[in-house]
file coords.txt (compact mmCIF, C-alpha atoms and all ligand atoms)
# COMPACT_ATOMS: atom_id res chain seq x y z
CA MET W 1 63.35 90.83 130.26
CA PRO W 2 63.23 91.11 126.46
CA LEU W 3 65.93 89.20 124.64
CA SER W 4 68.62 91.28 122.99
CA HIS W 5 68.75 91.61 119.22
CA ILE W 6 71.20 89.29 117.47
CA THR W 7 72.75 91.49 114.79
CA PHE W 8 73.61 90.04 111.39
CA HIS W 9 77.29 90.87 111.86
CA ARG W 10 79.62 92.23 114.51
CA PRO W 11 83.34 92.76 113.81
CA ASP W 12 85.97 91.32 116.13
CA PHE W 13 88.39 94.13 117.00
CA GLY W 14 90.35 94.29 120.26
CA MET W 15 93.59 95.27 121.96
CA GLU W 16 95.75 93.70 119.24
CA GLU W 17 94.34 96.03 116.57
CA LEU W 18 94.45 99.06 118.89
CA GLN W 19 98.09 98.46 119.78
CA LEU W 20 99.30 98.10 116.21
CA VAL W 21 97.26 101.08 115.00
CA GLU W 22 98.64 103.16 117.86
CA GLU W 23 102.18 102.28 116.77
CA VAL W 24 101.43 103.49 113.25
CA LEU W 25 99.91 106.76 114.44
CA LYS W 26 102.88 107.42 116.71
CA SER W 27 105.35 106.57 113.94
CA GLY W 28 104.19 109.60 111.92
CA TRP W 29 103.79 107.54 108.71
CA VAL W 30 100.15 106.69 108.05
CA THR W 31 99.80 106.08 104.31
CA SER W 32 101.30 103.13 102.37
CA GLY W 33 104.62 102.29 103.97
CA PRO W 34 106.35 99.64 106.04
CA LYS W 35 103.13 98.23 107.55
CA VAL W 36 101.62 97.72 104.11
CA ARG W 37 104.73 95.81 103.01
CA GLU W 38 104.59 93.74 106.19
CA PHE W 39 100.89 92.97 105.63
CA GLU W 40 101.54 92.00 101.99
CA GLU W 41 104.27 89.59 103.15
CA ALA W 42 102.01 88.14 105.84
CA ILE W 43 99.16 87.42 103.40
CA LYS W 44 101.65 86.04 100.87
CA ASP W 45 102.96 83.61 103.47
CA TYR W 46 99.47 82.74 104.68
CA VAL W 47 98.03 81.82 101.27
CA ASN W 48 101.41 80.65 99.96
CA CYS W 49 101.46 82.54 96.65
CA PRO W 50 104.41 84.21 94.89
CA CYS W 51 103.29 87.89 95.11
CA THR W 52 100.74 90.15 96.75
CA VAL W 53 99.71 93.78 96.21
CA ALA W 54 97.72 95.61 98.89
CA LEU W 55 94.85 97.81 97.72
CA ASN W 56 92.09 99.78 99.35
CA SER W 57 89.33 97.36 98.24
CA CYS W 58 88.65 94.10 96.46
CA THR W 59 86.90 96.11 93.74
CA ALA W 60 90.18 97.99 93.18
CA ALA W 61 92.11 94.71 93.12
CA MET W 62 89.86 93.34 90.38
CA HIS W 63 90.03 96.61 88.44
CA VAL W 64 93.85 96.79 88.43
CA ALA W 65 94.13 93.10 87.54
CA LEU W 66 91.92 93.51 84.47
CA ALA W 67 93.62 96.80 83.55
CA GLY W 68 97.04 95.19 84.12
CA TRP W 69 96.21 92.49 81.58
CA GLY W 70 95.02 95.12 79.12
CA VAL W 71 91.43 93.85 79.07
CA GLY W 72 89.25 96.49 77.43
CA PRO W 73 86.51 97.40 74.95
CA GLY W 74 85.51 94.51 72.70
CA ASP W 75 86.64 91.90 75.24
CA GLU W 76 84.24 89.66 77.12
CA VAL W 77 84.61 88.53 80.72
CA ILE W 78 82.55 85.60 81.98
CA THR W 79 81.33 85.71 85.56
CA THR W 80 78.43 84.66 87.77
CA PRO W 81 75.21 86.62 88.26
CA PHE W 82 75.14 85.47 91.90
CA THR W 83 77.61 88.03 93.24
CA PHE W 84 77.97 91.52 94.62
CA CYS W 85 77.86 94.25 91.97
CA ALA W 86 81.61 94.95 92.48
CA THR W 87 82.59 91.91 90.39
CA VAL W 88 80.80 93.23 87.33
CA GLU W 89 81.68 96.85 88.06
CA ALA W 90 85.37 96.02 87.62
CA ILE W 91 84.57 94.64 84.16
CA GLU W 92 82.64 97.82 83.31
CA TYR W 93 85.50 100.04 84.53
CA VAL W 94 87.83 98.68 81.84
CA GLY W 95 85.13 98.93 79.16
CA ALA W 96 84.82 95.17 78.65
CA THR W 97 81.50 93.30 78.42
CA PRO W 98 80.26 91.11 81.27
CA VAL W 99 78.80 87.75 80.24
CA LEU W 100 76.90 85.84 82.92
CA ALA W 101 76.96 82.06 83.39
CA ASP W 102 74.46 80.30 85.70
CA ILE W 103 75.35 78.62 89.00
CA ASP W 104 75.35 75.09 90.39
CA PRO W 105 72.23 74.96 92.62
CA LEU W 106 73.98 72.88 95.30
CA THR W 107 76.84 75.31 95.88
CA GLY W 108 75.87 78.71 94.48
CA ASN W 109 79.15 78.71 92.52
CA ILE W 110 79.52 79.28 88.79
CA ASP W 111 78.85 76.07 86.83
CA PRO W 112 81.82 75.24 84.55
CA GLU W 113 79.42 73.74 81.98
CA CYS W 114 77.52 77.04 81.81
CA VAL W 115 80.86 78.84 81.39
CA ARG W 116 81.65 76.60 78.43
CA GLU W 117 78.34 77.56 76.78
CA LYS W 118 79.17 81.26 77.10
CA LEU W 119 82.65 81.15 75.55
CA SER W 120 83.20 83.23 72.43
CA GLU W 121 86.07 84.52 70.30
CA ARG W 122 86.06 87.62 72.48
CA THR W 123 86.30 85.91 75.87
CA LYS W 124 89.48 86.98 77.70
CA VAL W 125 88.91 86.28 81.40
CA ILE W 126 86.77 84.15 83.71
CA ILE W 127 85.93 85.60 87.14
CA PRO W 128 84.68 82.87 89.46
CA VAL W 129 83.27 84.02 92.82
CA HIS W 130 83.58 81.73 95.84
CA TYR W 131 80.00 82.01 97.03
CA ALA W 132 79.75 82.33 100.83
CA GLY W 133 83.46 81.39 100.94
CA LEU W 134 83.09 77.92 99.38
CA PRO W 135 85.81 77.30 96.74
CA CYS W 136 84.65 77.10 93.11
CA GLU W 137 85.60 74.20 90.84
CA LEU W 138 88.96 75.74 89.96
CA GLY W 139 90.24 72.53 88.34
CA LYS W 140 87.52 72.47 85.68
CA LEU W 141 87.64 76.25 85.23
CA GLY W 142 91.43 76.07 84.87
CA ASP W 143 91.06 73.45 82.12
CA ILE W 144 88.63 75.69 80.23
CA ALA W 145 90.98 78.65 80.65
CA LYS W 146 94.00 76.70 79.46
CA ALA W 147 92.22 75.27 76.41
CA ASN W 148 90.99 78.74 75.37
CA ASN W 149 93.97 80.85 76.41
CA LEU W 150 92.01 82.77 79.08
CA LYS W 151 93.07 84.28 82.39
CA ILE W 152 91.37 83.47 85.66
CA LEU W 153 90.74 86.24 88.17
CA GLU W 154 89.15 84.84 91.32
CA ASP W 155 86.81 87.12 93.23
CA ALA W 156 87.85 85.74 96.61
CA ALA W 157 86.24 88.59 98.58
CA LEU W 158 84.69 86.00 100.89
CA ALA W 159 87.23 83.20 100.70
CA LEU W 160 90.30 84.06 102.80
CA GLY W 161 91.15 80.92 104.77
CA SER W 162 89.24 78.54 102.50
CA SER W 163 91.22 75.92 100.61
CA LEU W 164 90.95 73.49 97.75
CA ASN W 165 93.06 70.33 97.32
CA GLY W 166 95.26 71.29 100.26
CA ARG W 167 96.10 74.76 98.93
CA ARG W 168 94.57 77.95 100.24
CA ILE W 169 92.52 80.18 97.96
CA GLY W 170 95.02 82.72 96.64
CA ALA W 171 97.55 80.13 95.48
CA HIS W 172 95.66 78.67 92.51
CA SER W 173 95.09 81.24 89.75
CA ASP W 174 96.69 84.02 87.70
CA ALA W 175 95.15 86.61 90.01
CA VAL W 176 93.02 86.43 93.15
CA ALA W 177 91.27 89.41 94.78
CA PHE W 178 90.50 89.48 98.52
CA SER W 179 88.33 91.96 100.42
CA PHE W 180 88.93 93.31 103.92
CA TYR W 181 85.63 95.22 104.03
CA ALA W 182 83.90 95.63 107.41
CA THR W 183 81.95 92.36 107.29
CA LYS W 184 84.57 90.00 105.85
CA ASN W 185 86.44 87.29 107.79
CA LEU W 186 89.47 89.57 107.99
CA SER W 187 88.62 93.27 108.14
CA THR W 188 90.61 96.49 107.94
CA GLY W 189 87.45 98.62 107.70
CA GLU W 190 88.06 98.96 103.98
CA GLY W 191 90.85 97.15 102.19
CA GLY W 192 91.82 94.52 99.67
CA MET W 193 94.69 92.42 98.35
CA LEU W 194 95.64 91.00 95.00
CA ALA W 195 97.49 87.68 95.06
CA CYS W 196 99.25 86.77 91.85
CA GLN W 197 101.83 84.50 90.29
CA ASP W 198 104.31 86.81 88.68
CA GLU W 199 106.41 89.73 89.93
CA ALA W 200 106.20 91.83 86.74
CA PHE W 201 102.40 91.71 86.84
CA ALA W 202 102.40 92.54 90.56
CA ASP W 203 104.62 95.58 89.88
CA LYS W 204 102.33 96.73 87.10
CA CYS W 205 99.27 96.45 89.39
CA ARG W 206 101.10 98.25 92.20
CA ARG W 207 101.98 101.10 89.83
CA LEU W 208 98.39 101.31 88.60
CA SER W 209 97.22 101.50 92.20
CA LEU W 210 99.24 104.69 92.82
CA HIS W 211 98.63 107.07 89.89
CA GLY W 212 100.85 105.10 87.51
CA MET W 213 103.82 106.55 89.39
CA ASN W 214 107.15 104.93 88.64
CA ARG W 215 108.24 104.68 92.28
CA ASP W 216 106.48 104.29 95.59
CA ALA W 217 105.75 107.47 97.51
CA TRP W 218 107.07 105.93 100.68
CA LYS W 219 110.43 105.30 99.04
CA ARG W 220 110.47 108.91 97.88
CA TYR W 221 109.97 110.24 101.38
CA GLY W 222 112.12 107.74 103.25
CA ALA W 223 115.73 108.33 104.23
CA GLY W 224 117.77 108.94 101.10
CA GLY W 225 114.58 109.21 99.02
CA LYS W 226 114.43 111.44 95.99
CA TRP W 227 111.72 113.88 95.04
CA TYR W 228 111.60 112.99 91.34
CA TYR W 229 109.06 110.61 89.81
CA GLU W 230 107.38 110.16 86.48
CA ILE W 231 103.84 109.25 85.43
CA CYS W 232 104.16 106.82 82.55
CA GLU W 233 100.54 105.67 82.32
CA LEU W 234 97.10 106.54 83.67
CA GLY W 235 96.76 105.03 87.13
CA PHE W 236 94.27 105.09 89.98
CA LYS W 237 94.29 106.00 93.67
CA TYR W 238 93.84 102.58 95.19
CA ASN W 239 96.68 102.19 97.71
CA LEU W 240 96.08 100.85 101.23
CA THR W 241 97.07 102.88 104.31
CA ASP W 242 99.52 101.71 106.98
CA ILE W 243 96.68 102.22 109.49
CA ALA W 244 94.52 99.67 107.69
CA ALA W 245 97.50 97.33 107.19
CA ALA W 246 98.20 97.39 110.94
CA MET W 247 94.63 96.28 111.57
CA GLY W 248 95.07 93.58 108.97
CA ILE W 249 98.21 92.20 110.59
CA ALA W 250 96.39 91.95 113.94
CA GLN W 251 93.34 90.38 112.28
CA LEU W 252 95.43 87.81 110.42
CA GLY W 253 96.79 86.62 113.75
CA LYS W 254 93.24 85.70 114.79
CA LEU W 255 91.94 84.44 111.46
CA GLU W 256 92.36 80.69 111.97
CA ARG W 257 90.70 80.83 115.39
CA ALA W 258 87.89 82.97 114.00
CA ASN W 259 87.33 80.63 111.04
CA ASP W 260 87.31 77.61 113.37
CA ARG W 261 84.54 79.26 115.38
CA ARG W 262 82.60 79.98 112.18
CA ARG W 263 82.92 76.31 111.22
CA GLU W 264 81.65 75.31 114.67
CA ILE W 265 78.59 77.51 114.26
CA ALA W 266 77.96 76.19 110.73
CA ALA W 267 78.18 72.62 112.06
CA ALA W 268 75.61 73.45 114.76
CA TYR W 269 73.23 74.95 112.16
CA ILE W 270 73.65 71.97 109.83
CA ALA W 271 73.10 69.42 112.63
CA ALA W 272 69.96 71.23 113.76
CA PHE W 273 68.50 71.69 110.27
CA ARG W 274 69.41 68.31 108.84
CA LYS W 275 66.02 66.67 109.35
CA ILE W 276 63.88 69.74 108.78
CA PRO W 277 61.62 69.21 105.75
CA PHE W 278 61.44 72.87 104.66
CA ILE W 279 65.22 73.45 104.46
CA ASN W 280 67.42 72.68 101.47
CA PRO W 281 70.84 71.11 102.32
CA PHE W 282 72.69 73.84 100.40
CA GLN W 283 76.52 73.78 100.97
CA TRP W 284 76.13 71.22 103.77
CA ASP W 285 77.96 68.12 102.62
CA LEU W 286 81.29 69.12 101.17
CA SER W 287 83.83 67.07 99.29
CA ASN W 288 86.97 66.41 101.30
CA GLU W 289 89.00 68.41 98.76
CA VAL W 290 87.49 71.52 100.25
CA VAL W 291 87.93 73.58 103.43
CA HIS W 292 85.14 76.16 103.80
CA ASN W 293 85.78 79.31 105.84
CA ARG W 294 82.01 79.66 106.40
CA HIS W 295 82.00 83.37 105.76
CA LEU W 296 78.24 83.23 105.22
CA PHE W 297 75.64 80.70 106.26
CA PRO W 298 73.06 80.73 103.47
CA LEU W 299 69.83 79.13 104.67
CA VAL W 300 67.94 77.98 101.57
CA LEU W 301 64.21 77.40 102.14
CA LYS W 302 62.16 74.84 100.25
CA LEU W 303 59.48 77.32 99.31
CA ASP W 304 57.04 74.70 98.06
CA ALA W 305 56.95 73.20 101.57
CA LEU W 306 56.03 76.56 103.13
CA SER W 307 52.98 78.82 102.97
CA ILE W 308 55.10 81.99 103.36
CA ASP W 309 57.76 83.40 101.07
CA ARG W 310 61.37 84.33 101.85
CA GLU W 311 60.46 87.96 102.55
CA ARG W 312 57.87 87.01 105.19
CA PHE W 313 60.36 84.54 106.72
CA ILE W 314 62.92 87.33 107.06
CA GLU W 315 60.32 89.63 108.65
CA GLN W 316 59.42 87.00 111.22
CA LEU W 317 63.09 86.35 112.03
CA GLY W 318 63.39 90.11 112.51
CA GLU W 319 60.42 90.08 114.91
CA ALA W 320 62.19 87.31 116.83
CA GLY W 321 65.20 89.64 117.20
CA ILE W 322 67.40 88.03 114.57
CA GLY W 323 69.21 90.11 111.97
CA THR W 324 69.66 88.53 108.55
CA SER W 325 70.66 89.56 105.04
CA VAL W 326 70.38 88.27 101.47
CA HIS W 327 73.41 87.44 99.32
CA TYR W 328 73.06 88.37 96.52
CA ILE W 329 70.52 90.20 94.39
CA PRO W 330 71.47 88.71 91.00
CA ILE W 331 73.34 91.10 88.70
CA TYR W 332 70.74 90.81 85.90
CA ARG W 333 68.04 92.12 88.28
CA HIS W 334 69.80 95.46 88.89
CA PRO W 335 68.29 98.09 86.57
CA TYR W 336 71.70 99.40 85.40
CA TYR W 337 72.85 95.99 84.18
CA ARG W 338 69.44 94.72 83.10
CA ASP W 339 68.81 97.75 80.88
CA ARG W 340 72.36 97.99 79.58
CA TYR W 341 72.67 94.36 78.49
CA ASN W 342 69.02 93.26 78.16
CA PHE W 343 69.71 90.39 80.51
CA ASP W 344 66.87 87.88 80.73
CA SER W 345 66.37 86.25 84.15
CA GLY W 346 64.95 83.18 82.36
CA GLU W 347 68.51 82.35 81.28
CA TYR W 348 69.59 81.79 84.88
CA PRO W 349 67.08 79.34 86.40
CA ASN W 350 69.41 78.09 89.15
CA THR W 351 70.35 81.59 90.28
CA GLU W 352 66.66 82.57 90.28
CA SER W 353 65.60 79.59 92.39
CA ILE W 354 68.36 79.99 95.00
CA TYR W 355 67.95 83.77 95.13
CA SER W 356 64.19 83.51 95.78
CA ALA W 357 64.75 81.18 98.75
CA VAL W 358 68.01 82.22 100.42
CA ILE W 359 68.54 84.00 103.75
CA SER W 360 71.99 84.67 105.26
CA LEU W 361 71.92 83.78 108.97
CA PRO W 362 74.24 85.40 111.53
CA ILE W 363 77.64 83.64 111.67
CA TYR W 364 80.69 85.28 113.31
CA PRO W 365 83.05 84.53 116.21
CA ALA W 366 81.33 86.90 118.67
CA LEU W 367 78.14 84.83 118.44
CA ASP W 368 77.89 82.57 121.53
CA ASP W 369 76.25 79.14 121.76
CA GLU W 370 73.11 80.62 123.27
CA ASP W 371 72.74 83.04 120.33
CA VAL W 372 73.18 80.15 117.91
CA GLN W 373 70.45 78.17 119.70
CA ARG W 374 68.12 81.16 119.52
CA VAL W 375 68.64 81.43 115.77
CA ILE W 376 67.98 77.70 115.34
CA GLU W 377 64.84 77.77 117.49
CA ALA W 378 63.46 80.79 115.64
CA VAL W 379 64.03 79.23 112.20
CA LYS W 380 62.35 75.99 113.30
CA ARG W 381 59.41 77.72 115.00
CA ILE W 382 58.67 80.02 112.04
CA GLY W 383 59.01 77.22 109.49
CA PHE W 384 56.88 74.68 111.36
CA MET W 385 54.22 77.34 111.97
CA HIS W 386 53.96 77.91 108.21
CA GLN W 387 54.44 74.42 106.84
CA LYS W 388 52.11 73.43 104.04
C1 LIG W 401 82.33 92.33 99.47
C2 LIG W 401 82.45 91.82 98.11
C3 LIG W 401 83.17 92.51 97.13
C4 LIG W 401 83.67 93.91 97.33
O1 LIG W 401 84.72 94.04 98.20
P1 LIG W 401 85.27 95.53 98.48
O2 LIG W 401 86.50 95.27 99.28
O3 LIG W 401 84.19 96.24 99.25
O4 LIG W 401 85.54 96.15 97.18
C5 LIG W 401 83.39 91.92 95.91
N1 LIG W 401 82.87 90.71 95.61
C6 LIG W 401 82.13 90.03 96.51
C7 LIG W 401 81.63 88.69 96.13
C8 LIG W 401 81.87 90.58 97.77
O5 LIG W 401 81.08 89.92 98.63

call {"tool": "encode", "arguments": {"input": "coords.txt", "output": "structure tokens", "more": "lines below"}}
Ligand SMILES: *Cc1c(COP(=O)(O)O)cnc(C)c1O
result
Amino acid sequence: MPLSHITFHRPDFGMEELQLVEEVLKSGWVTSGPKVREFEEAIKDYVNCPCTVALNSCTAAMHVALAGWGVGPGDEVITTPFTFCATVEAIEYVGATPVLADIDPLTGNIDPECVREKLSERTKVIIPVHYAGLPCELGKLGDIAKANNLKILEDAALALGSSLNGRRIGAHSDAVAFSFYATKNLSTGEGGMLACQDEAFADKCRRLSLHGMNRDAWKRYGAGGKWYYEICELGFKYNLTDIAAAMGIAQLGKLERANDRRREIAAAYIAAFRKIPFINPFQWDLSNEVVHNRHLFPLVLKLDALSIDRERFIEQLGEAGIGTSVHYIPIYRHPYYRDRYNFDSGEYPNTESIYSAVISLPIYPALDDEDVQRVIEAVKRIGFMHQK
């Protein structure tokens, strides 16, 4: 009997999500309302931050944060090239200029020293991205921000449940954007959340997320609500639905268990690959200041020990029935950004070397031990077959 295909990702939805979504549908209120407020409170308590604003994506969360601070044309925002396009898109949306700083080759995270080199009079914000869910060096980045009067907006799309120095990601910076997209550790199909430190800023972002309206629609339509509202600024349509929030509440209840299972799978991969000569120990040995939610498992090949390239390795894993992906195609390689800013890949040697060698292996709670063993065996077999 042929072995089944191990997909790159499978979401973990069950009765809990169905039940809460059913309640929302039966309640007759499906857009932003009581469930969204409940979900905001739940994430606030979970990450232990002062305020949260629910949005319909992480991209939206980053956009309203930058807009809320008044970042705009003429301003520069420093971020990493080793990220999903959404990070840089948010910078483009407000008309600011993205400036890219290279990564640390052991973690894939933005290198604070490279950030320092890219500072200018125009720099307003740093956007660190927690690559694969591993926390960035927020201490060093915070020092740079403080010394230069900059804001930090964390792109924590992958980092819910990770922590640094005993505090969860979400509690550290001026603003932190989470994603609840289909593949993330907590998923509402599409969704996002902004965690921030100050209520006035949270209110501003919430207003921007709903047309710049001066009161919430759900208050308008609730008992005793009034029909009148005013538009005092140009806003966006970025609010989360109660349907999505209900899913999020159910998912949050499972998050710790799910992340524990991810860590178990990561530990099995690391133990199996530790003595393999053609694999780079990328993100394996972590400092004890860090808890990693293991959103992704990036397998980094030592290409000079192999006679095949990353593309061929991925093809052969595919032939063995194993789905993989690549995170991420560096920003400066995308034609839109390359042509617009004349980015030169030679400026980002660490991003180039990790990008050319990285493969994301399957890692999610629905993967059983047998699946994990099959992935390990396939990686070993393909690598040893093509060792130099
Ligand atoms: C998924 C992802 C995003 C985008 O999240 P959305 O909720 O889809 O907007 C942003 N940044 C990174 C690093 C991501 O991986």

call {"tool": "closest_residue", "arguments": {"input": "coords.txt", "among": "W:Leu240, W:Leu100, W:Cys205, W:Leu255", "to": "ligand LIG 401 (chain W)", "atoms": "all atoms listed in the file"}}
result
W:Leu240

call {"tool": "closest_atom_pairs", "arguments": {"input": "coords.txt", "of": "chain W", "to": "ligand LIG 401 (chain W)", "cutoff": "6 Å", "atoms": "all atoms listed in the file", "output": "JSON lines"}}
result
{"residue": "W:Ser57", "atom": "CA", "partner": "W:LIG401", "partner_atom": "O2", "distance": 3.7}
{"residue": "W:Cys58", "atom": "CA", "partner": "W:LIG401", "partner_atom": "O2", "distance": 3.7}
{"residue": "W:Thr59", "atom": "CA", "partner": "W:LIG401", "partner_atom": "O4", "distance": 3.7}
{"residue": "W:Thr83", "atom": "CA", "partner": "W:LIG401", "partner_atom": "C7", "distance": 5.0}
{"residue": "W:Phe84", "atom": "CA", "partner": "W:LIG401", "partner_atom": "C6", "distance": 4.8}
{"residue": "W:Ala86", "atom": "CA", "partner": "W:LIG401", "partner_atom": "C5", "distance": 4.9}
{"residue": "W:Thr87", "atom": "CA", "partner": "W:LIG401", "partner_atom": "N1", "distance": 5.4}
{"residue": "W:Val129", "atom": "CA", "partner": "W:LIG401", "partner_atom": "C7", "distance": 6.0}
{"residue": "W:Asp155", "atom": "CA", "partner": "W:LIG401", "partner_atom": "N1", "distance": 5.8}
{"residue": "W:Ala157", "atom": "CA", "partner": "W:LIG401", "partner_atom": "C6", "distance": 4.8}
{"residue": "W:Leu158", "atom": "CA", "partner": "W:LIG401", "partner_atom": "O5", "distance": 5.8}
{"residue": "W:Ser179", "atom": "CA", "partner": "W:LIG401", "partner_atom": "O2", "distance": 4.0}
{"residue": "W:Phe180", "atom": "CA", "partner": "W:LIG401", "partner_atom": "O2", "distance": 5.6}
{"residue": "W:Tyr181", "atom": "CA", "partner": "W:LIG401", "partner_atom": "O2", "distance": 4.8}
{"residue": "W:Gly191", "atom": "CA", "partner": "W:LIG401", "partner_atom": "O2", "distance": 5.6}
{"residue": "W:Gly192", "atom": "CA", "partner": "W:LIG401", "partner_atom": "O2", "distance": 5.4}

call {"tool": "residues_around", "arguments": {"input": "coords.txt", "residues": "range 284-294 of chain W", "least_positions_apart": "5", "cutoff": "10 Å", "atoms": "only C-alpha atoms", "output": "PyMOL selection string"}}
result
chain W and resi 106-107+130-137+158-169+185+255-256+258-267+269-271+274+363-364

call {"tool": "atom_distance", "arguments": {"input": "coords.txt", "atom1": "CA of Val99 in chain W", "atom2": "CA of Arg338 in chain W"}}
result
12.0 Å

call {"tool": "residues_around", "arguments": {"input": "coords.txt", "residues": "Ile127 in chain W", "least_positions_apart": "3", "cutoff": "10 Å", "atoms": "only C-alpha atoms", "output": "number ranges by chain"}}
result
W: 62, 77-80, 87-88, 91, 98, 100, 110, 130, 141, 151-156, 175-176

call {"tool": "atom_distance", "arguments": {"input": "coords.txt", "atom1": "CA of Gly383 in chain W", "atom2": "CA of Val358 in chain W"}}
result
13.7 Å

call {"tool": "atom_distance", "arguments": {"input": "coords.txt", "atom1": "CA of Met385 in chain W", "atom2": "CA of Phe282 in chain W"}}
result
22.1 Å

call {"tool": "closest_atom_pairs", "arguments": {"input": "coords.txt", "of": "range 146-258 of chain W", "to": "range 21-44 of chain W", "cutoff": "6 Å", "atoms": "only C-alpha atoms", "output": "tab-separated table"}}
result
residue	atom	partner	partner_atom	distance
W:Trp218	CA	W:Gly33	CA	5.5
W:Leu240	CA	W:Ser32	CA	5.8
W:Thr241	CA	W:Thr31	CA	4.2
W:Asp242	CA	W:Lys35	CA	5.0
W:Ile243	CA	W:Val21	CA	5.7
W:Ala245	CA	W:Val36	CA	5.2
W:Ala246	CA	W:Val21	CA	5.6
W:Ile249	CA	W:Phe39	CA	5.7

call {"tool": "closest_residue", "arguments": {"input": "coords.txt", "among": "W:Glu377, W:Glu76, W:Asp369, W:Glu190", "to": "Glu121 in chain W", "atoms": "only C-alpha atoms"}}
result
W:Glu76

call {"tool": "decode", "arguments": {"input": "coords.txt", "residues": "range 272-284 of chain W", "atoms": "N, CA and C atoms", "output": "tab-separated table (two decimals), in the first residue's frame"}}
result
chain	number	residue	atom	x	y	z
W	272	ALA	N	17.51	13.82	15.79
W	272	ALA	CA	17.82	12.95	14.64
W	272	ALA	C	18.86	13.58	13.71
W	273	PHE	N	18.88	14.90	13.62
W	273	PHE	CA	19.75	15.57	12.64
W	273	PHE	C	21.08	16.02	13.25
W	274	ARG	N	21.20	15.86	14.56
W	274	ARG	CA	22.34	16.45	15.25
W	274	ARG	C	23.69	16.01	14.67
W	275	LYS	N	23.81	14.73	14.33
W	275	LYS	CA	25.14	14.27	13.88
W	275	LYS	C	25.23	14.14	12.36
W	276	ILE	N	24.29	14.74	11.66
W	276	ILE	CA	24.27	14.59	10.21
W	276	ILE	C	25.15	15.68	9.58
W	277	PRO	N	26.17	15.27	8.80
W	277	PRO	CA	27.16	16.25	8.33
W	277	PRO	C	26.63	17.29	7.33
W	278	PHE	N	25.50	17.01	6.67
W	278	PHE	CA	25.04	17.96	5.65
W	278	PHE	C	23.92	18.86	6.15
W	279	ILE	N	23.72	18.91	7.49
W	279	ILE	CA	22.68	19.79	8.04
W	279	ILE	C	23.29	20.79	9.03
W	280	ASN	N	22.87	22.05	8.85
W	280	ASN	CA	23.35	23.17	9.65
W	280	ASN	C	22.48	23.29	10.93
W	281	PRO	N	23.10	23.43	12.10
W	281	PRO	CA	22.31	23.44	13.36
W	281	PRO	C	21.55	24.75	13.61
W	282	PHE	N	20.85	25.22	12.62
W	282	PHE	CA	20.14	26.50	12.63
W	282	PHE	C	18.98	26.46	13.64
W	283	GLN	N	18.96	27.42	14.57
W	283	GLN	CA	17.90	27.52	15.62
W	283	GLN	C	17.80	26.29	16.49
W	284	TRP	N	18.88	25.52	16.66
W	284	TRP	CA	18.78	24.31	17.47
W	284	TRP	C	19.03	24.58	18.95
